[in-house]
file my_file.cif (mmCIF, C-alpha atoms)
data_model
loop_
_atom_site.label_atom_id
_atom_site.label_comp_id
_atom_site.auth_asym_id
_atom_site.auth_seq_id
_atom_site.Cartn_x
_atom_site.Cartn_y
_atom_site.Cartn_z
CA SER L 1 15.42 -18.06 14.68
CA LYS L 2 16.36 -14.88 12.81
CA ARG L 3 15.07 -11.39 13.54
CA VAL L 4 14.42 -9.02 10.62
CA LEU L 5 12.43 -5.76 10.87
CA GLY L 6 11.48 -6.65 14.42
CA ILE L 7 9.86 -9.85 13.14
CA VAL L 8 11.12 -13.25 14.21
CA PHE L 9 11.56 -15.81 11.46
CA GLU L 10 11.57 -19.25 13.05
CA ASN L 11 14.24 -21.58 11.65
CA LYS L 12 11.96 -24.60 11.25
CA LYS L 13 9.36 -22.77 9.11
CA THR L 14 9.46 -22.47 5.35
CA ILE L 15 10.35 -19.03 4.02
CA GLN L 16 6.86 -18.70 2.51
CA THR L 17 5.23 -19.26 5.91
CA ALA L 18 7.75 -17.10 7.75
CA LEU L 19 7.10 -14.13 5.46
CA THR L 20 3.41 -14.19 6.41
CA ASN L 21 4.47 -12.85 9.83
CA ILE L 22 4.94 -9.47 8.13
CA TYR L 23 1.73 -7.45 8.39
CA GLY L 24 0.10 -7.34 4.96
CA MET L 25 1.90 -10.39 3.55
CA GLY L 26 -0.29 -13.39 2.92
CA ARG L 27 0.61 -16.74 1.43
CA PHE L 28 0.09 -15.57 -2.15
CA LEU L 29 2.24 -12.44 -1.84
CA SER L 30 5.00 -14.32 0.00
CA LYS L 31 5.05 -16.98 -2.74
CA THR L 32 5.18 -14.26 -5.42
CA ALA L 33 8.02 -12.47 -3.61
CA CYS L 34 10.00 -15.72 -3.37
CA ALA L 35 9.52 -16.31 -7.09
CA LYS L 36 10.77 -12.79 -7.91
CA MET L 37 13.92 -13.39 -5.88
CA GLY L 38 14.46 -16.89 -7.25
CA VAL L 39 14.07 -18.57 -3.86
CA ASN L 40 12.17 -21.82 -3.47
CA PRO L 41 9.18 -21.01 -1.18
CA GLN L 42 9.51 -24.42 0.50
CA THR L 43 13.08 -23.73 1.64
CA ARG L 44 13.47 -23.62 5.42
CA VAL L 45 14.63 -20.37 7.02
CA LYS L 46 17.63 -22.14 8.57
CA ASP L 47 18.82 -23.19 5.08
CA LEU L 48 18.87 -19.62 3.71
CA HIS L 49 21.86 -17.33 4.00
CA PRO L 50 21.18 -14.20 6.11
CA ASN L 51 21.97 -12.03 3.07
CA GLN L 52 19.24 -13.80 1.07
CA ILE L 53 16.70 -13.05 3.78
CA GLN L 54 17.83 -9.40 3.95
CA ASP L 55 17.54 -9.03 0.16
CA LEU L 56 14.10 -10.64 0.19
CA VAL L 57 12.83 -8.31 2.91
CA LYS L 58 14.30 -5.23 1.15
CA MET L 59 12.57 -6.24 -2.07
CA ILE L 60 9.27 -6.71 -0.21
CA GLN L 61 9.56 -3.25 1.36
CA THR L 62 10.17 -1.59 -2.00
CA GLU L 63 7.67 -3.59 -4.11
CA TYR L 64 4.72 -3.98 -1.72
CA VAL L 65 2.85 -1.86 0.80
CA VAL L 66 3.37 -3.71 4.07
CA ASP L 67 3.76 -3.23 7.82
CA LEU L 68 3.64 0.38 9.11
CA GLU L 69 3.16 1.86 5.65
CA LEU L 70 0.03 -0.27 5.15
CA LYS L 71 -1.35 0.66 8.58
CA GLU L 72 -0.84 4.35 7.83
CA GLN L 73 -2.58 3.95 4.48
CA GLN L 74 -5.56 2.22 6.11
CA LYS L 75 -5.72 4.90 8.80
CA SER L 76 -5.67 7.72 6.25
CA ASP L 77 -8.35 5.97 4.16
CA ILE L 78 -10.68 5.71 7.15
CA MET L 79 -9.98 9.27 8.30
CA ARG L 80 -10.69 10.53 4.76
CA LEU L 81 -14.12 8.92 4.94
CA VAL L 82 -14.74 10.35 8.42
CA ASN L 83 -13.72 13.86 7.37
CA MET L 84 -15.91 13.71 4.24
CA GLN L 85 -18.82 12.80 6.53
CA CYS L 86 -20.12 10.31 4.00
CA TYR L 87 -22.28 7.43 5.23
CA ARG L 88 -19.35 5.05 5.65
CA GLY L 89 -17.34 7.73 7.45
CA VAL L 90 -20.19 8.46 9.85
CA ARG L 91 -20.57 4.74 10.58
CA HIS L 92 -16.81 4.47 11.24
CA GLY L 93 -17.03 7.45 13.57
CA GLN L 94 -19.95 5.97 15.49
CA MET L 95 -18.16 2.61 15.79
CA LEU L 96 -20.99 0.85 13.99
CA PRO L 97 -20.95 -1.71 11.15
CA VAL L 98 -19.95 -0.05 7.89
CA ARG L 99 -20.98 -2.59 5.27
CA GLY L 100 -24.73 -2.77 5.79
CA GLN L 101 -24.92 -5.34 8.58
CA ARG L 102 -27.95 -5.22 10.85
CA THR L 103 -27.51 -3.82 14.35
CA TRP L 104 -30.79 -4.54 16.08
CA GLY L 105 -29.81 -8.00 17.32
CA ASN L 106 -26.21 -8.70 16.39
CA GLY L 107 -24.52 -5.31 16.41
CA LYS L 108 -22.44 -6.07 19.48
CA THR L 109 -19.82 -8.10 17.64
CA ALA L 110 -19.51 -5.50 14.90
CA LYS L 111 -19.13 -2.74 17.50
CA LYS L 112 -16.36 -4.70 19.24
CA MET L 113 -14.60 -5.28 15.91
CA ALA L 114 -14.87 -1.58 15.04
CA GLN L 115 -13.35 -0.69 18.40
CA ARG L 116 -10.49 -3.17 17.90
CA ARG L 117 -9.83 -1.86 14.39
CA ALA L 118 -9.74 1.71 15.71
CA ASN L 119 -7.37 0.76 18.54
CA PHE L 120 -5.15 -1.26 16.18
CA LEU L 121 -4.82 1.60 13.69
CA GLY L 122 -4.58 4.27 16.41
CA LEU L 123 -7.75 6.05 15.31
CA THR L 124 -9.59 8.47 17.56
CA PHE L 125 -13.05 9.71 16.76
CA PRO L 126 -15.15 12.33 18.52
CA ARG L 127 -17.32 10.46 21.03
CA ARG L 128 -21.04 10.75 20.50
CA LYS L 129 -23.89 10.17 22.90
CA GLY L 130 -24.92 6.53 23.12
CA THR L 131 -21.70 5.01 21.75
CA ASP L 132 -20.18 3.86 25.05
CA LEU L 133 -19.60 0.10 24.68
CA ASN L 134 -18.83 -0.43 28.37
CA LYS L 135 -22.23 0.76 29.58
CA LYS L 136 -24.74 -1.87 30.69
CA GLY L 137 -28.36 -1.63 29.63
CA LYS L 138 -30.33 -1.12 26.45
CA GLY L 139 -30.53 2.52 25.49
CA LYS L 140 -32.91 5.09 26.97
CA LYS L 141 -34.72 4.49 30.23
#

call {"tool": "encode", "arguments": {"input": "my_file.cif", "output": "C-alpha coordinates"}}
result
Amino acid sequence: SKRVLGIVFENKKTIQTALTNIYGMGRFLSKTACAKMGVNPQTRVKDLHPNQIQDLVKMIQTEYVVDLELKEQQKSDIMRLVNMQCYRGVRHGQMLPVRGQRTWGNGKTAKKMAQRRANFLGLTFPRRKGTDLNKKGKGKK
(Lines of atoms letter the chains of each structure in order from A and count residues from 1; the text may use other names and numbers.)
(Lines give C-alpha, C1' and ligand atoms only; values in the text may rest on other atoms or scores of the structure.)
Protein backbone atom coordinates (compact mmCIF):
# COMPACT_ATOMS: atom_id res chain seq x y z
CA SER A 1 0.00 0.00 0.00
CA LYS A 2 1.12 3.56 -0.75
CA ARG A 3 0.62 6.58 1.49
CA VAL A 4 -0.14 9.95 -0.11
CA LEU A 5 -1.44 13.02 1.78
CA GLY A 6 -1.86 10.89 4.87
CA ILE A 7 -4.22 8.62 2.94
CA VAL A 8 -3.40 4.97 2.37
CA PHE A 9 -3.94 3.68 -1.15
CA GLU A 10 -4.23 -0.10 -0.98
CA ASN A 11 -2.33 -1.92 -3.73
CA LYS A 12 -5.12 -4.31 -4.64
CA LYS A 13 -7.72 -1.56 -5.27
CA THR A 14 -8.28 0.18 -8.57
CA ILE A 15 -7.07 3.77 -8.73
CA GLN A 16 -10.66 4.98 -9.12
CA THR A 17 -11.70 3.27 -5.88
CA ALA A 18 -8.54 4.30 -4.04
CA LEU A 19 -9.08 7.97 -4.86
CA THR A 20 -12.47 7.88 -3.14
CA ASN A 21 -10.58 7.66 0.17
CA ILE A 22 -9.85 11.38 -0.24
CA TYR A 23 -12.55 13.41 1.50
CA GLY A 24 -14.75 15.00 -1.15
CA MET A 25 -13.80 12.62 -3.96
CA GLY A 26 -16.56 10.31 -5.10
CA ARG A 27 -16.56 7.75 -7.88
CA PHE A 28 -17.54 10.28 -10.55
CA LEU A 29 -14.84 12.83 -9.64
CA SER A 30 -12.17 10.14 -9.34
CA LYS A 31 -13.09 8.79 -12.78
CA THR A 32 -12.99 12.32 -14.23
CA ALA A 33 -9.60 12.98 -12.64
CA CYS A 34 -8.20 9.75 -14.08
CA ALA A 35 -9.47 10.72 -17.53
CA LYS A 36 -7.80 14.15 -17.29
CA MET A 37 -4.48 12.52 -16.43
CA GLY A 38 -4.83 9.81 -19.07
CA VAL A 39 -4.86 6.97 -16.54
CA ASN A 40 -7.20 4.01 -16.92
CA PRO A 41 -9.51 4.12 -13.85
CA GLN A 42 -9.48 0.31 -13.66
CA THR A 43 -5.69 0.17 -13.23
CA ARG A 44 -4.59 -1.26 -9.89
CA VAL A 45 -2.60 0.98 -7.55
CA LYS A 46 0.28 -1.51 -7.52
CA ASP A 47 0.60 -1.21 -11.33
CA LEU A 48 1.01 2.59 -11.27
CA HIS A 49 4.35 4.31 -10.89
CA PRO A 50 4.64 6.40 -7.69
CA ASN A 51 5.21 9.51 -9.83
CA GLN A 52 1.89 8.92 -11.61
CA ILE A 53 0.08 8.77 -8.28
CA GLN A 54 1.83 11.95 -7.08
CA ASP A 55 0.92 13.80 -10.28
CA LEU A 56 -2.68 12.62 -10.01
CA VAL A 57 -3.00 13.80 -6.41
CA LYS A 58 -1.37 17.17 -7.23
CA MET A 59 -3.83 17.67 -10.07
CA ILE A 60 -6.75 16.80 -7.77
CA GLN A 61 -5.57 19.33 -5.17
CA THR A 62 -5.31 22.11 -7.74
CA GLU A 63 -8.47 21.34 -9.76
CA TYR A 64 -10.95 20.30 -7.05
CA VAL A 65 -11.92 21.42 -3.55
CA VAL A 66 -11.12 18.38 -1.42
CA ASP A 67 -9.95 17.31 2.04
CA LEU A 68 -9.20 20.11 4.54
CA GLU A 69 -10.05 22.88 2.09
CA LEU A 70 -13.54 21.40 1.61
CA LYS A 71 -14.07 21.02 5.37
CA GLU A 72 -13.07 24.65 5.92
CA GLN A 73 -15.46 25.76 3.18
CA GLN A 74 -18.33 23.80 4.73
CA LYS A 75 -17.51 25.20 8.17
CA SER A 76 -17.45 28.78 6.89
CA ASP A 77 -20.74 28.25 5.01
CA ILE A 78 -22.48 27.04 8.17
CA MET A 79 -20.96 29.78 10.33
CA ARG A 80 -22.08 32.39 7.78
CA LEU A 81 -25.66 31.15 8.18
CA VAL A 82 -25.35 31.14 11.97
CA ASN A 83 -23.94 34.68 12.07
CA MET A 84 -26.68 35.96 9.73
CA GLN A 85 -29.22 34.50 12.15
CA CYS A 86 -31.38 33.33 9.28
CA TYR A 87 -33.74 30.40 9.86
CA ARG A 88 -31.25 27.79 8.67
CA GLY A 89 -28.50 29.36 10.78
CA VAL A 90 -30.68 29.33 13.89
CA ARG A 91 -31.56 25.68 13.28
CA HIS A 92 -27.85 24.83 12.87
CA GLY A 93 -27.10 26.66 16.11
CA GLN A 94 -29.83 24.81 17.99
CA MET A 95 -28.62 21.46 16.61
CA LEU A 96 -32.01 20.81 15.03
CA PRO A 97 -32.95 19.58 11.53
CA VAL A 98 -32.30 22.30 8.97
CA ARG A 99 -34.23 21.10 5.93
CA GLY A 100 -37.79 21.06 7.23
CA GLN A 101 -37.90 17.63 8.85
CA ARG A 102 -40.38 17.12 11.67
CA THR A 103 -39.06 16.98 15.22
CA TRP A 104 -42.03 15.93 17.31
CA GLY A 105 -41.46 12.20 16.92
CA ASN A 106 -38.28 11.60 14.96
CA GLY A 107 -36.04 14.54 15.81
CA LYS A 108 -33.59 12.44 17.80
CA THR A 109 -31.76 11.08 14.77
CA ALA A 110 -31.52 14.51 13.18
CA LYS A 111 -30.18 15.98 16.43
CA LYS A 112 -27.52 13.26 16.62
CA MET A 113 -26.54 13.88 12.99
CA ALA A 114 -26.32 17.63 13.62
CA GLN A 115 -24.06 16.98 16.60
CA ARG A 116 -21.83 14.66 14.56
CA ARG A 117 -21.62 17.18 11.72
CA ALA A 118 -20.66 19.92 14.19
CA ASN A 119 -18.01 17.72 15.81
CA PHE A 120 -16.65 16.61 12.42
CA LEU A 121 -16.30 20.18 11.15
CA GLY A 122 -15.10 21.52 14.51
CA LEU A 123 -18.05 23.87 14.93
CA THR A 124 -18.98 25.36 18.28
CA PHE A 125 -22.27 27.11 18.84
CA PRO A 126 -23.50 29.00 21.88
CA ARG A 127 -25.46 26.50 23.99
CA ARG A 128 -29.10 27.31 24.51
CA LYS A 129 -31.51 26.08 27.14
CA GLY A 130 -33.10 22.75 26.26
CA THR A 131 -30.51 21.62 23.70
CA ASP A 132 -28.62 19.13 25.88
CA LEU A 133 -28.79 15.79 24.04
CA ASN A 134 -27.44 13.78 26.98
CA LYS A 135 -30.30 14.69 29.32
CA LYS A 136 -32.98 12.07 29.96
CA GLY A 137 -36.63 13.03 29.96
CA LYS A 138 -39.04 14.93 27.77
CA GLY A 139 -38.78 18.66 28.28
CA LYS A 140 -40.35 20.63 31.12
CA LYS A 141 -41.59 18.96 34.27

call {"tool": "closest_residue", "arguments": {"input": "my_file.cif", "among": "L:Tyr64, L:Asp55, L:Lys75, L:Thr43", "to": "Lys12 in chain L", "atoms": "all atoms listed in the file"}}
result
L:Thr43

call {"tool": "closest_residue", "arguments": {"input": "my_file.cif", "among": "L:Met95, L:Phe9, L:Gln101, L:Gln16", "to": "Gln115 in chain L", "atoms": "only C-alpha atoms"}}
result
L:Met95

call {"tool": "resolve_selection", "arguments": {"input": "my_file.cif", "expression": "the PyMOL selection byres ((chain L and resi 10) around 12)", "output": "ChimeraX atom specification"}}
result
/L:1-4,7-9,11-21,44-48

call {"tool": "residues_near_point", "arguments": {"input": "my_file.cif", "point": "(-16.6, 7.5, 6.7)", "cutoff": "12 Å", "atoms": "all atoms listed in the file", "output": "ChimeraX atom specification"}}
result
/L:75-99,125

call {"tool": "resolve_selection", "arguments": {"input": "my_file.cif", "expression": "the PyMOL selection byres ((chain L and resi 26-35) around 8)", "output": "CSV table (one decimal) with C-alpha atoms, keeping the file's coordinate frame"}}
result
chain,number,residue,atom,x,y,z
L,16,GLN,CA,6.9,-18.7,2.5
L,17,THR,CA,5.2,-19.3,5.9
L,19,LEU,CA,7.1,-14.1,5.5
L,20,THR,CA,3.4,-14.2,6.4
L,24,GLY,CA,0.1,-7.3,5.0
L,25,MET,CA,1.9,-10.4,3.6
L,36,LYS,CA,10.8,-12.8,-7.9
L,37,MET,CA,13.9,-13.4,-5.9
L,38,GLY,CA,14.5,-16.9,-7.2
L,39,VAL,CA,14.1,-18.6,-3.9
L,40,ASN,CA,12.2,-21.8,-3.5
L,41,PRO,CA,9.2,-21.0,-1.2
L,56,LEU,CA,14.1,-10.6,0.2
L,59,MET,CA,12.6,-6.2,-2.1
L,60,ILE,CA,9.3,-6.7,-0.2

call {"tool": "closest_residue", "arguments": {"input": "my_file.cif", "among": "L:Val57, L:Leu5, L:Ile22, L:Leu121", "to": "Gln73 in chain L", "atoms": "only C-alpha atoms"}}
result
L:Leu121

call {"tool": "atom_distance", "arguments": {"input": "my_file.cif", "atom1": "CA of Glu72 in chain L", "atom2": "CA of Ala118 in chain L"}}
result
12.2 Å
